file data.cif (mmCIF, C-alpha atoms and all ligand atoms)
data_work
loop_
_atom_site.label_atom_id
_atom_site.label_comp_id
_atom_site.auth_asym_id
_atom_site.auth_seq_id
_atom_site.Cartn_x
_atom_site.Cartn_y
_atom_site.Cartn_z
CA MET A 1 0.00 0.00 0.00
CA PRO A 2 1.37 3.45 -0.87
CA SER A 3 2.36 5.24 2.32
CA THR A 4 2.15 8.75 0.84
CA VAL A 5 -0.39 10.81 -1.08
CA VAL A 6 0.30 10.60 -4.82
CA ASN A 7 -0.34 13.79 -6.81
CA PRO A 8 0.63 13.17 -10.45
CA GLY A 9 0.07 16.76 -11.66
CA LEU A 10 1.57 18.33 -8.50
CA GLU A 11 -1.71 20.27 -8.29
CA GLY A 12 -1.73 22.43 -5.16
CA ILE A 13 1.74 21.20 -4.13
CA VAL A 14 4.17 23.94 -3.14
CA VAL A 15 7.67 22.95 -4.28
CA GLY A 16 9.61 26.14 -3.70
CA GLU A 17 9.66 29.86 -3.09
CA THR A 18 10.11 32.77 -5.48
CA VAL A 19 10.20 36.55 -5.24
CA LEU A 20 9.70 36.96 -9.00
CA SER A 21 5.97 36.64 -9.64
CA ASN A 22 2.80 35.84 -7.77
CA VAL A 23 -0.21 34.16 -9.36
CA GLU A 24 -3.36 34.70 -7.31
CA GLY A 25 -5.67 32.34 -9.15
CA GLU A 26 -8.82 32.89 -7.12
CA VAL A 27 -8.85 36.67 -7.55
CA GLY A 28 -7.24 36.68 -11.01
CA ARG A 29 -4.20 38.78 -10.12
CA LEU A 30 -0.65 38.46 -11.46
CA THR A 31 2.21 40.53 -10.07
CA TYR A 32 5.93 40.70 -10.88
CA ARG A 33 7.94 41.53 -7.76
CA GLY A 34 4.81 43.19 -6.36
CA TYR A 35 3.87 45.23 -9.44
CA ASP A 36 0.46 44.49 -10.92
CA ILE A 37 0.73 43.15 -14.46
CA HIS A 38 -1.83 45.73 -15.64
CA ASP A 39 0.33 48.63 -14.38
CA LEU A 40 3.40 47.16 -16.04
CA ALA A 41 1.58 46.48 -19.32
CA GLU A 42 0.20 50.01 -19.45
CA ARG A 43 3.12 52.02 -18.07
CA ALA A 44 6.41 50.13 -18.45
CA ASN A 45 8.20 48.76 -21.47
CA TYR A 46 9.52 45.22 -21.87
CA GLU A 47 13.15 46.14 -21.16
CA GLU A 48 12.12 47.74 -17.84
CA VAL A 49 10.43 44.46 -16.94
CA VAL A 50 13.56 42.52 -17.90
CA HIS A 51 15.52 44.76 -15.52
CA LEU A 52 12.91 44.26 -12.80
CA LEU A 53 13.10 40.47 -13.13
CA LEU A 54 16.89 40.16 -13.43
CA PHE A 55 18.06 42.92 -11.09
CA GLY A 56 15.24 43.16 -8.56
CA ARG A 57 13.84 46.62 -9.29
CA LEU A 58 12.65 48.92 -12.06
CA PRO A 59 15.62 50.73 -13.65
CA THR A 60 16.62 54.38 -13.54
CA HIS A 61 17.13 56.09 -16.93
CA GLU A 62 20.85 55.28 -16.80
CA GLU A 63 20.28 51.65 -15.85
CA LEU A 64 17.72 51.23 -18.62
CA ASP A 65 20.10 52.76 -21.19
CA ALA A 66 22.83 50.40 -20.01
CA LEU A 67 20.57 47.34 -20.28
CA ASN A 68 19.32 48.40 -23.72
CA ALA A 69 22.93 48.75 -24.88
CA ARG A 70 23.83 45.31 -23.53
CA LEU A 71 20.81 43.70 -25.20
CA ALA A 72 21.45 45.47 -28.52
CA ALA A 73 25.10 44.37 -28.49
CA ARG A 74 24.13 40.72 -27.99
CA ARG A 75 21.30 40.30 -30.52
CA ALA A 76 23.25 39.22 -33.59
CA LEU A 77 23.65 35.46 -34.01
CA PRO A 78 27.14 33.98 -34.35
CA ASN A 79 28.06 32.83 -37.87
CA GLY A 80 28.39 29.23 -36.70
CA LEU A 81 24.80 29.22 -35.47
CA LEU A 82 23.56 30.80 -38.72
CA ALA A 83 25.40 28.11 -40.72
CA MET A 84 23.83 25.42 -38.55
CA MET A 85 20.37 26.88 -39.06
CA HIS A 86 20.95 26.97 -42.83
CA ALA A 87 21.43 23.19 -42.69
CA ILE A 88 18.02 22.59 -41.07
CA PRO A 89 15.22 21.49 -43.45
CA ARG A 90 13.05 24.49 -44.32
CA ASP A 91 9.86 22.73 -43.21
CA ALA A 92 11.13 22.22 -39.62
CA TRP A 93 8.71 23.40 -36.94
CA PRO A 94 9.97 26.81 -35.70
CA MET A 95 9.80 25.64 -32.09
CA ASP A 96 12.14 22.72 -32.87
CA VAL A 97 14.55 25.15 -34.48
CA LEU A 98 14.40 27.42 -31.44
CA ARG A 99 15.13 24.51 -29.11
CA THR A 100 18.12 23.45 -31.22
CA GLY A 101 19.25 27.07 -31.59
CA VAL A 102 19.17 27.82 -27.87
CA SER A 103 21.10 24.67 -27.13
CA ALA A 104 23.61 25.43 -29.88
CA ILE A 105 24.34 29.01 -28.78
CA ALA A 106 26.47 27.57 -26.01
CA HIS A 107 28.95 26.25 -28.60
CA PHE A 108 29.39 29.55 -30.38
CA VAL A 109 29.24 32.22 -27.68
CA PRO A 110 32.44 32.47 -25.66
CA HIS A 111 31.49 31.97 -22.04
CA ARG A 112 33.24 30.98 -18.87
CA PRO A 113 31.27 28.33 -17.02
CA ASP A 114 32.73 29.62 -13.73
CA GLY A 115 29.40 29.54 -11.89
CA SER A 116 29.66 33.18 -10.84
CA HIS A 117 26.52 35.32 -10.59
CA GLU A 118 27.98 37.90 -13.01
CA THR A 119 28.63 35.26 -15.67
CA SER A 120 25.13 33.84 -15.27
CA VAL A 121 23.57 37.32 -15.57
CA ASP A 122 25.66 37.97 -18.66
CA THR A 123 24.51 34.69 -20.22
CA ALA A 124 20.91 35.49 -19.26
CA ILE A 125 21.14 38.81 -21.12
CA ASP A 126 22.72 37.04 -24.09
CA LEU A 127 19.83 34.57 -24.26
CA ILE A 128 17.16 37.25 -23.74
CA ALA A 129 18.72 39.15 -26.67
CA LYS A 130 19.21 36.17 -28.98
CA VAL A 131 15.99 34.17 -28.61
CA PRO A 132 13.92 36.70 -30.63
CA THR A 133 16.70 36.86 -33.23
CA ILE A 134 16.62 33.07 -33.69
CA VAL A 135 12.84 33.21 -34.17
CA ALA A 136 12.95 36.10 -36.67
CA THR A 137 15.93 34.60 -38.52
CA TRP A 138 14.21 31.24 -38.94
CA ASP A 139 11.06 33.00 -40.08
CA ARG A 140 13.10 34.50 -42.96
CA MET A 141 15.13 31.36 -43.71
CA ARG A 142 12.05 29.15 -43.98
CA ARG A 143 10.61 31.64 -46.47
CA ARG A 144 13.93 31.46 -48.35
CA LEU A 145 14.67 35.12 -47.60
CA GLU A 146 17.98 36.55 -46.40
CA PRO A 147 18.04 37.10 -42.63
CA ILE A 148 18.02 40.76 -41.59
CA ALA A 149 20.63 41.94 -39.09
CA PRO A 150 19.24 43.41 -35.86
CA ASP A 151 19.05 47.20 -35.61
CA PRO A 152 20.66 48.33 -32.33
CA LYS A 153 18.59 51.52 -32.25
CA LEU A 154 15.31 49.60 -31.91
CA THR A 155 13.59 48.12 -28.87
CA THR A 156 13.22 44.36 -28.51
CA ALA A 157 9.66 44.50 -29.90
CA ALA A 158 10.35 46.89 -32.79
CA ASN A 159 13.55 45.09 -33.71
CA PHE A 160 11.81 41.72 -33.80
CA LEU A 161 9.16 43.02 -36.22
CA TYR A 162 11.86 44.76 -38.26
CA MET A 163 13.96 41.56 -38.52
CA ARG A 164 10.93 39.71 -39.97
CA THR A 165 9.93 42.26 -42.59
CA GLY A 166 12.80 44.73 -43.06
CA GLU A 167 10.39 47.56 -42.26
CA GLN A 168 10.05 49.65 -39.12
CA PRO A 169 6.75 48.69 -37.50
CA ILE A 170 3.94 51.18 -36.93
CA PRO A 171 3.84 52.42 -33.28
CA GLU A 172 0.65 50.42 -32.55
CA ALA A 173 2.31 47.18 -33.65
CA GLU A 174 5.44 47.87 -31.60
CA LYS A 175 3.36 48.74 -28.54
CA ALA A 176 1.20 45.61 -28.97
CA LEU A 177 4.20 43.28 -29.19
CA ASP A 178 5.97 45.07 -26.32
CA THR A 179 2.86 44.61 -24.14
CA TYR A 180 2.58 40.96 -25.19
CA LEU A 181 6.21 40.35 -24.14
CA ILE A 182 5.54 41.97 -20.75
CA LEU A 183 2.40 39.89 -20.18
CA LEU A 184 4.19 36.65 -21.03
CA ALA A 185 7.44 37.40 -19.18
CA ASP A 186 6.82 35.39 -16.03
CA HIS A 187 4.26 33.17 -14.37
CA SER A 188 5.70 31.61 -11.25
CA TYR A 189 6.33 27.84 -11.32
CA ASN A 190 4.59 27.05 -14.63
CA ALA A 191 5.71 23.83 -16.34
CA SER A 192 8.53 25.27 -18.47
CA THR A 193 9.91 27.42 -15.65
CA PHE A 194 9.78 24.43 -13.34
CA SER A 195 11.73 22.42 -15.92
CA ALA A 196 14.34 25.17 -16.06
CA ARG A 197 14.61 25.16 -12.27
CA VAL A 198 14.83 21.36 -12.04
CA THR A 199 17.67 21.42 -14.58
CA ALA A 200 19.42 24.32 -12.83
CA SER A 201 19.08 22.51 -9.49
CA THR A 202 21.37 19.73 -10.71
CA GLY A 203 24.17 22.24 -11.25
CA ALA A 204 23.66 22.29 -15.03
CA ASP A 205 24.34 25.69 -16.59
CA ILE A 206 21.87 28.28 -17.83
CA TYR A 207 22.00 27.07 -21.47
CA CYS A 208 20.95 23.56 -20.38
CA SER A 209 18.23 25.01 -18.15
CA ILE A 210 16.76 27.25 -20.85
CA THR A 211 16.91 24.43 -23.42
CA ALA A 212 14.85 22.28 -21.04
CA ALA A 213 12.37 25.14 -20.62
CA VAL A 214 11.96 25.63 -24.38
CA ALA A 215 11.34 21.90 -24.83
CA THR A 216 8.70 21.91 -22.09
CA LEU A 217 6.95 24.94 -23.52
CA ALA A 218 6.34 23.13 -26.81
CA GLY A 219 3.37 21.01 -25.70
CA ASP A 220 -0.28 21.84 -26.44
CA LEU A 221 -1.18 22.05 -22.77
CA HIS A 222 1.36 24.86 -22.31
CA GLY A 223 2.83 27.10 -25.02
CA GLY A 224 1.44 25.12 -27.93
CA ALA A 225 -2.13 26.23 -27.25
CA PRO A 226 -2.32 29.54 -29.21
CA SER A 227 -1.55 27.87 -32.56
CA LYS A 228 -4.43 25.51 -31.84
CA VAL A 229 -6.65 28.49 -30.97
CA MET A 230 -5.84 29.90 -34.40
CA THR A 231 -6.79 26.60 -36.03
CA MET A 232 -10.15 26.79 -34.24
CA LEU A 233 -10.72 30.40 -35.39
CA GLU A 234 -9.92 29.38 -38.97
CA GLU A 235 -12.23 26.35 -38.81
CA ILE A 236 -15.06 28.44 -37.34
CA GLY A 237 -14.71 31.06 -40.08
CA LEU A 238 -17.71 33.18 -39.07
CA PRO A 239 -18.79 34.41 -35.58
CA GLU A 240 -22.24 32.80 -35.86
CA LYS A 241 -20.66 29.36 -36.32
CA ALA A 242 -18.88 29.50 -32.95
CA GLU A 243 -21.58 27.87 -30.82
CA PRO A 244 -22.23 24.79 -33.02
CA TYR A 245 -18.45 24.40 -33.28
CA VAL A 246 -18.04 24.34 -29.49
CA ARG A 247 -20.90 21.86 -29.12
CA ASP A 248 -19.30 19.51 -31.67
CA LEU A 249 -15.91 19.81 -29.98
CA LEU A 250 -17.26 18.93 -26.54
CA ALA A 251 -19.37 16.11 -27.99
CA ARG A 252 -16.06 14.61 -29.21
CA HIS A 253 -14.66 15.09 -25.65
CA GLU A 254 -12.07 17.53 -26.93
CA LYS A 255 -10.92 20.65 -25.11
CA ILE A 256 -11.46 24.24 -26.21
CA MET A 257 -7.91 25.48 -26.63
CA GLY A 258 -7.07 28.73 -24.84
CA MET A 259 -9.64 27.96 -22.13
CA GLY A 260 -8.99 26.71 -18.62
CA HIS A 261 -6.05 27.07 -16.28
CA ARG A 262 -4.54 25.13 -13.41
CA GLU A 263 -4.23 28.29 -11.28
CA TYR A 264 -6.85 30.77 -12.49
CA LYS A 265 -10.37 29.96 -11.51
CA ILE A 266 -11.64 33.18 -13.05
CA ARG A 267 -10.62 34.81 -16.34
CA ASP A 268 -6.84 35.04 -16.70
CA PRO A 269 -5.92 38.71 -15.99
CA ARG A 270 -3.67 38.74 -19.07
CA ALA A 271 -6.65 37.88 -21.29
CA ALA A 272 -8.20 41.34 -20.74
CA GLN A 273 -5.08 43.17 -21.96
CA LEU A 274 -4.69 40.81 -24.89
CA GLU A 275 -8.34 41.07 -25.85
CA GLN A 276 -8.07 44.86 -26.03
CA MET A 277 -4.93 44.58 -28.17
CA ALA A 278 -6.53 42.01 -30.46
CA LYS A 279 -9.54 44.29 -30.89
CA ASN A 280 -7.44 47.38 -31.72
CA LEU A 281 -5.11 45.51 -34.06
CA THR A 282 -7.80 43.69 -36.00
CA GLU A 283 -9.67 46.97 -36.49
CA LYS A 284 -6.47 48.45 -37.95
CA SER A 285 -5.61 45.42 -40.06
CA HIS A 286 -9.24 44.74 -41.11
CA THR A 287 -9.09 41.09 -40.13
CA LYS A 288 -11.95 39.09 -38.67
CA TRP A 289 -10.08 37.10 -36.02
CA TYR A 290 -11.02 39.20 -33.02
CA LEU A 291 -14.73 38.98 -33.82
CA ILE A 292 -14.57 35.20 -34.17
CA ALA A 293 -12.54 34.90 -30.95
CA ARG A 294 -15.05 37.05 -29.06
CA ALA A 295 -17.92 34.91 -30.36
CA LEU A 296 -16.00 31.76 -29.45
CA GLU A 297 -15.39 32.96 -25.88
CA ASP A 298 -19.11 33.79 -25.46
CA ALA A 299 -20.19 30.46 -26.95
CA SER A 300 -17.69 28.57 -24.78
CA GLN A 301 -19.03 30.19 -21.62
CA THR A 302 -22.63 29.29 -22.53
CA VAL A 303 -21.85 25.69 -23.45
CA LEU A 304 -19.33 25.01 -20.65
CA HIS A 305 -21.73 26.43 -18.09
CA GLU A 306 -24.38 24.05 -19.41
CA GLN A 307 -22.20 20.94 -19.81
CA LYS A 308 -19.49 21.33 -17.15
CA PRO A 309 -21.20 23.35 -14.41
CA GLY A 310 -18.90 24.35 -11.56
CA LYS A 311 -15.65 23.62 -13.47
CA ARG A 312 -14.71 27.32 -13.73
CA ILE A 313 -13.11 27.23 -17.19
CA TYR A 314 -12.37 30.67 -18.61
CA ALA A 315 -10.16 32.28 -21.28
CA ASN A 316 -6.46 31.99 -20.50
CA VAL A 317 -3.51 34.00 -21.80
CA GLU A 318 -3.31 31.92 -24.97
CA PHE A 319 -6.82 32.68 -26.16
CA TYR A 320 -6.45 36.28 -27.37
CA THR A 321 -2.77 35.72 -28.14
CA ALA A 322 -3.91 34.05 -31.36
CA PRO A 323 -5.80 37.02 -32.90
CA THR A 324 -3.19 39.46 -31.51
CA LEU A 325 -0.17 37.74 -33.05
CA SER A 326 -2.02 36.92 -36.23
CA SER A 327 -2.87 40.59 -36.68
CA LEU A 328 0.85 41.37 -36.32
CA GLY A 329 1.43 39.13 -39.36
CA ILE A 330 2.98 36.28 -37.40
CA PRO A 331 2.12 32.82 -38.73
CA SER A 332 0.38 30.52 -36.26
CA ASP A 333 3.13 27.90 -36.20
CA GLU A 334 5.44 30.55 -34.74
CA PHE A 335 3.12 31.48 -31.84
CA THR A 336 4.86 29.18 -29.34
CA CYS A 337 8.19 30.78 -30.26
CA MET A 338 6.67 34.19 -29.53
CA PHE A 339 5.71 32.93 -26.08
CA ALA A 340 9.38 31.96 -25.61
CA CYS A 341 10.52 35.44 -26.72
CA GLY A 342 8.73 36.90 -23.69
CA ARG A 343 9.15 34.05 -21.21
CA ILE A 344 12.92 33.88 -21.75
CA SER A 345 13.29 36.77 -19.29
CA GLY A 346 11.28 34.94 -16.61
CA TRP A 347 13.08 31.64 -17.23
CA ALA A 348 16.46 33.37 -16.92
CA ALA A 349 15.44 35.14 -13.69
CA HIS A 350 14.17 31.85 -12.21
CA VAL A 351 17.41 30.07 -13.10
CA LEU A 352 19.40 32.85 -11.37
CA GLU A 353 17.10 32.55 -8.35
CA GLN A 354 17.54 28.77 -8.30
CA PHE A 355 21.33 29.11 -8.50
CA ALA A 356 21.27 31.58 -5.60
CA HIS A 357 19.26 29.30 -3.27
CA ASN A 358 19.90 25.90 -4.71
CA ARG A 359 18.70 22.57 -3.44
CA LEU A 360 18.53 19.59 -5.81
CA ILE A 361 14.89 19.09 -6.87
CA ARG A 362 14.29 15.38 -6.68
CA PRO A 363 10.76 14.17 -5.88
CA GLN A 364 9.72 10.61 -5.16
CA ALA A 365 7.34 8.18 -6.83
CA THR A 366 5.32 5.38 -5.29
CA TYR A 367 6.42 2.09 -6.84
CA VAL A 368 3.41 0.18 -8.24
CA GLY A 369 5.29 -2.44 -10.34
CA PRO A 370 5.67 -6.20 -9.71
CA ASP A 371 6.98 -7.57 -6.42
CA VAL A 372 10.60 -8.69 -6.26
CA HIS A 373 10.97 -11.88 -8.35
CA PRO A 374 13.80 -14.06 -9.68
CA TYR A 375 15.76 -13.21 -12.83
CA GLU A 376 14.74 -15.41 -15.84
CA PRO A 377 17.60 -16.61 -18.11
CA ILE A 378 16.92 -15.54 -21.75
CA ALA A 379 16.11 -19.11 -22.90
CA GLN A 380 13.22 -19.28 -20.43
CA ARG A 381 11.55 -15.99 -21.47
CA HIS A 382 8.35 -15.82 -23.58
CA ALA A 383 7.18 -12.88 -25.73
CA GLN A 384 4.25 -11.16 -24.08
CA PRO A 385 2.67 -7.72 -24.16
CA GLY A 386 4.68 -5.04 -22.37
CA PRO A 387 3.23 -3.17 -19.40
CA ASN A 388 1.88 -0.42 -21.68
CA GLY A 389 0.06 -2.91 -23.94
CA ASN A 390 2.60 -2.88 -26.78
CA GLY A 391 4.69 -5.83 -27.96
CA ALA A 392 7.85 -5.07 -26.03
CA ALA A 393 8.40 -4.22 -22.42
CA THR A 394 8.84 -0.49 -21.91
CA PRO A 395 12.42 0.41 -21.02
CA ALA A 396 12.88 1.71 -17.54
CA THR A 397 13.97 5.29 -17.03
CA GLY A 398 16.61 6.34 -14.53
N1 LIG B 1 -12.18 22.79 -22.66
C1 LIG B 1 -13.09 21.92 -22.20
N2 LIG B 1 -13.03 21.35 -20.99
C2 LIG B 1 -12.00 21.68 -20.22
C3 LIG B 1 -11.02 22.60 -20.62
C4 LIG B 1 -11.13 23.16 -21.90
N3 LIG B 1 -10.24 24.01 -22.35
N4 LIG B 1 -10.11 22.74 -19.63
C5 LIG B 1 -10.50 21.94 -18.63
N5 LIG B 1 -11.64 21.31 -18.99
C6 LIG B 1 -12.40 20.34 -18.20
C7 LIG B 1 -11.81 18.96 -18.34
O1 LIG B 1 -12.37 18.28 -19.44
C8 LIG B 1 -12.16 18.36 -17.02
O2 LIG B 1 -13.55 18.03 -17.07
P1 LIG B 1 -14.07 16.65 -16.47
O3 LIG B 1 -13.73 16.71 -14.99
O4 LIG B 1 -15.51 16.68 -16.79
O5 LIG B 1 -13.31 15.57 -17.19
C9 LIG B 1 -12.02 19.52 -16.05
O6 LIG B 1 -12.25 20.69 -16.82
C10 LIG B 1 -10.65 19.60 -15.41
O7 LIG B 1 -9.69 19.64 -16.45
P2 LIG B 1 -8.16 19.25 -16.31
O8 LIG B 1 -7.57 19.14 -17.67
O9 LIG B 1 -8.00 18.09 -15.38
O10 LIG B 1 -7.64 20.49 -15.51
P3 LIG B 1 -6.17 21.01 -15.45
O11 LIG B 1 -6.02 21.82 -14.24
O12 LIG B 1 -5.17 19.91 -15.67
O13 LIG B 1 -6.21 21.90 -16.77
C11 LIG B 1 -5.28 22.92 -18.60
C12 LIG B 1 -5.46 22.95 -17.08
C13 LIG B 1 -4.70 24.27 -19.01
C14 LIG B 1 -4.29 21.81 -18.97
C15 LIG B 1 -6.65 22.67 -19.30
O14 LIG B 1 -7.57 23.64 -18.93
C16 LIG B 1 -6.49 22.61 -20.81
O15 LIG B 1 -6.10 21.58 -21.36
N6 LIG B 1 -6.81 23.73 -21.53
C17 LIG B 1 -6.67 23.77 -22.95
C18 LIG B 1 -5.21 23.99 -23.35
C19 LIG B 1 -4.73 25.37 -23.03
O16 LIG B 1 -5.37 26.37 -23.30
N7 LIG B 1 -3.50 25.44 -22.49
C20 LIG B 1 -2.85 26.69 -22.16
C21 LIG B 1 -2.80 26.90 -20.68
S1 LIG B 1 -2.19 28.49 -20.25
#
call {"tool": "encode", "arguments": {"input": "data.cif", "output": "structure tokens"}}
result
Amino acid sequence: MPSTVVNPGLEGIVVGETVLSNVEGEVGRLTYRGYDIHDLAERANYEEVVHLLLFGRLPTHEELDALNARLAARRALPNGLLAMMHAIPRDAWPMDVLRTGVSAIAHFVPHRPDGSHETSVDTAIDLIAKVPTIVATWDRMRRRLEPIAPDPKLTTAANFLYMRTGEQPIPEAEKALDTYLILLADHSYNASTFSARVTASTGADIYCSITAAVATLAGDLHGGAPSKVMTMLEEIGLPEKAEPYVRDLLARHEKIMGMGHREYKIRDPRAAQLEQMAKNLTEKSHTKWYLIARALEDASQTVLHEQKPGKRIYANVEFYTAPTLSSLGIPSDEFTCMFACGRISGWAAHVLEQFAHNRLIRPQATYVGPDVHPYEPIAQRHAQPGPNGNGAATPATG
């Protein structure tokens, strides 16, 4: 009999402390180091938030200028990494390329793995600067266009849009992307951040930790959701088709992507900011995505209330990300990479925090396999279904 409570999704389990962000799921509040996300989204820019997360407070003018200069100086990708990316098949999923790219940076950027805080901060800034460049560069390469070098005079948001198109973005587009990056920057011990912290806790360096985070972000239940939201919006096509679509989806026992959250039991606070941005941008770009998304949210609330009463499933951050990013001209299979462009600052800050107060993260599992039994010599073994129902026994993991 198991002697402990087993909680496979770690739901409600507190595994550590952080000063970086606080998710108050019952009241729908998100704060970074005590600042409400709405204040930051409306009044700060992304680089100020990077400073807040990495250095513990909002910057002065001089500190912000210094951080901007450091980021601008680190944006360009090393030639070795560009050559490696050129060798990747053009139809590779952008998120796979980002994972490979982040891992590969370590080979090409001179760094001293001396474990000092200063070196880790420097690497963090390098990664925060280069992740958007990898995404924009792959966006061009996959379209068989020459990559565009970063422009040091531009902000992270404006430079990203410039590197995709070669044109300076309109102020509304820059502001929208800047706000998106702020909203996505951190979210306590979410799955990808937890992965980064687990990796950092073993003494692995920041490149390993961020590579683990990027890999964890890729799944549909985490950063992969907004692309799936876009697929739903495309399939729905017209606002009036939203309700029958939701009914069909739930009849097939499928989930409405961009809805529901482990922590938020009311609407995700980031959804309000993103909805407003999606509305403004789609009005400017004359696209229909916001209207369909709005109809889908309404229909989802009606049908979920009817079919899953009491489950408290509301729009999460991913829902209005889809019409927002789409209106910025970003293709839906790059949405998860955009999430990474913002979250890289939170991941990096969490890795630094883990390094500063490290204890190896190593949970336990309750063993539910066979009792101890004798070893069978190979001649006495018979083929039989493995424990997961397939032909061969599943290999054990260490
Ligand atoms: N659509 C329909 N039903 C949903 C739902 C959704 N988006 N999210 C949760 N539910 C339902 C489940 O079907 C389940 O119902 P049941 O008890 O009748 O079987 C119940 O709510 C609990 O869901 P569960 O998946 O166990 O909760 P969780 O805490 O693990 O879920 C998510 C959190 C995010 C994984 C889940 O809401 C989800 O898969 N959402 C869609 C993907 C998404 O948007 N991910 C991005 C998250 S930021």
call {"tool": "residues_near_ligand", "arguments": {"input": "data.cif", "ligand": "ligand LIG 1 (chain B)", "cutoff": "8 Å", "atoms": "only C-alpha atoms and all ligand atoms", "output": "PyMOL selection string"}}
result
chain A and resi 9+11+220-226+250+253-263+304+308+311-319
call {"tool": "atom_distance", "arguments": {"input": "data.cif", "atom1": "atom CA of Asp91 of chain A", "atom2": "atom CA of Trp289 of chain A"}}
result
25.6 Å
call {"tool": "atom_distance", "arguments": {"input": "data.cif", "atom1": "atom CA of Leu291 of chain A", "atom2": "atom CA of Leu238 of chain A"}}
result
8.4 Å
call {"tool": "closest_residue", "arguments": {"input": "data.cif", "among": "A:Leu67, A:Ile182, A:Leu58, A:Ala87", "to": "Gly346 of chain A", "atoms": "all atoms listed in the file"}}
result
A:Ile182
call {"tool": "residues_around", "arguments": {"input": "data.cif", "residues": "Thr336 of chain A", "least_positions_apart": "4", "cutoff": "12 Å", "atoms": "all atoms listed in the file", "output": "PyMOL selection string"}}
result
chain A and resi 93-99+132+135+184+214-230+318+321-322+325+330-332+340-343
call {"tool": "atom_distance", "arguments": {"input": "data.cif", "atom1": "atom CA of Arg359 of chain A", "atom2": "atom CA of Tyr32 of chain A"}}
result
23.4 Å
call {"tool": "residues_around", "arguments": {"input": "data.cif", "residues": "segment 70-86 of chain A", "least_positions_apart": "2", "cutoff": "8 Å", "atoms": "all atoms listed in the file", "output": "count of residues only"}}
result
25
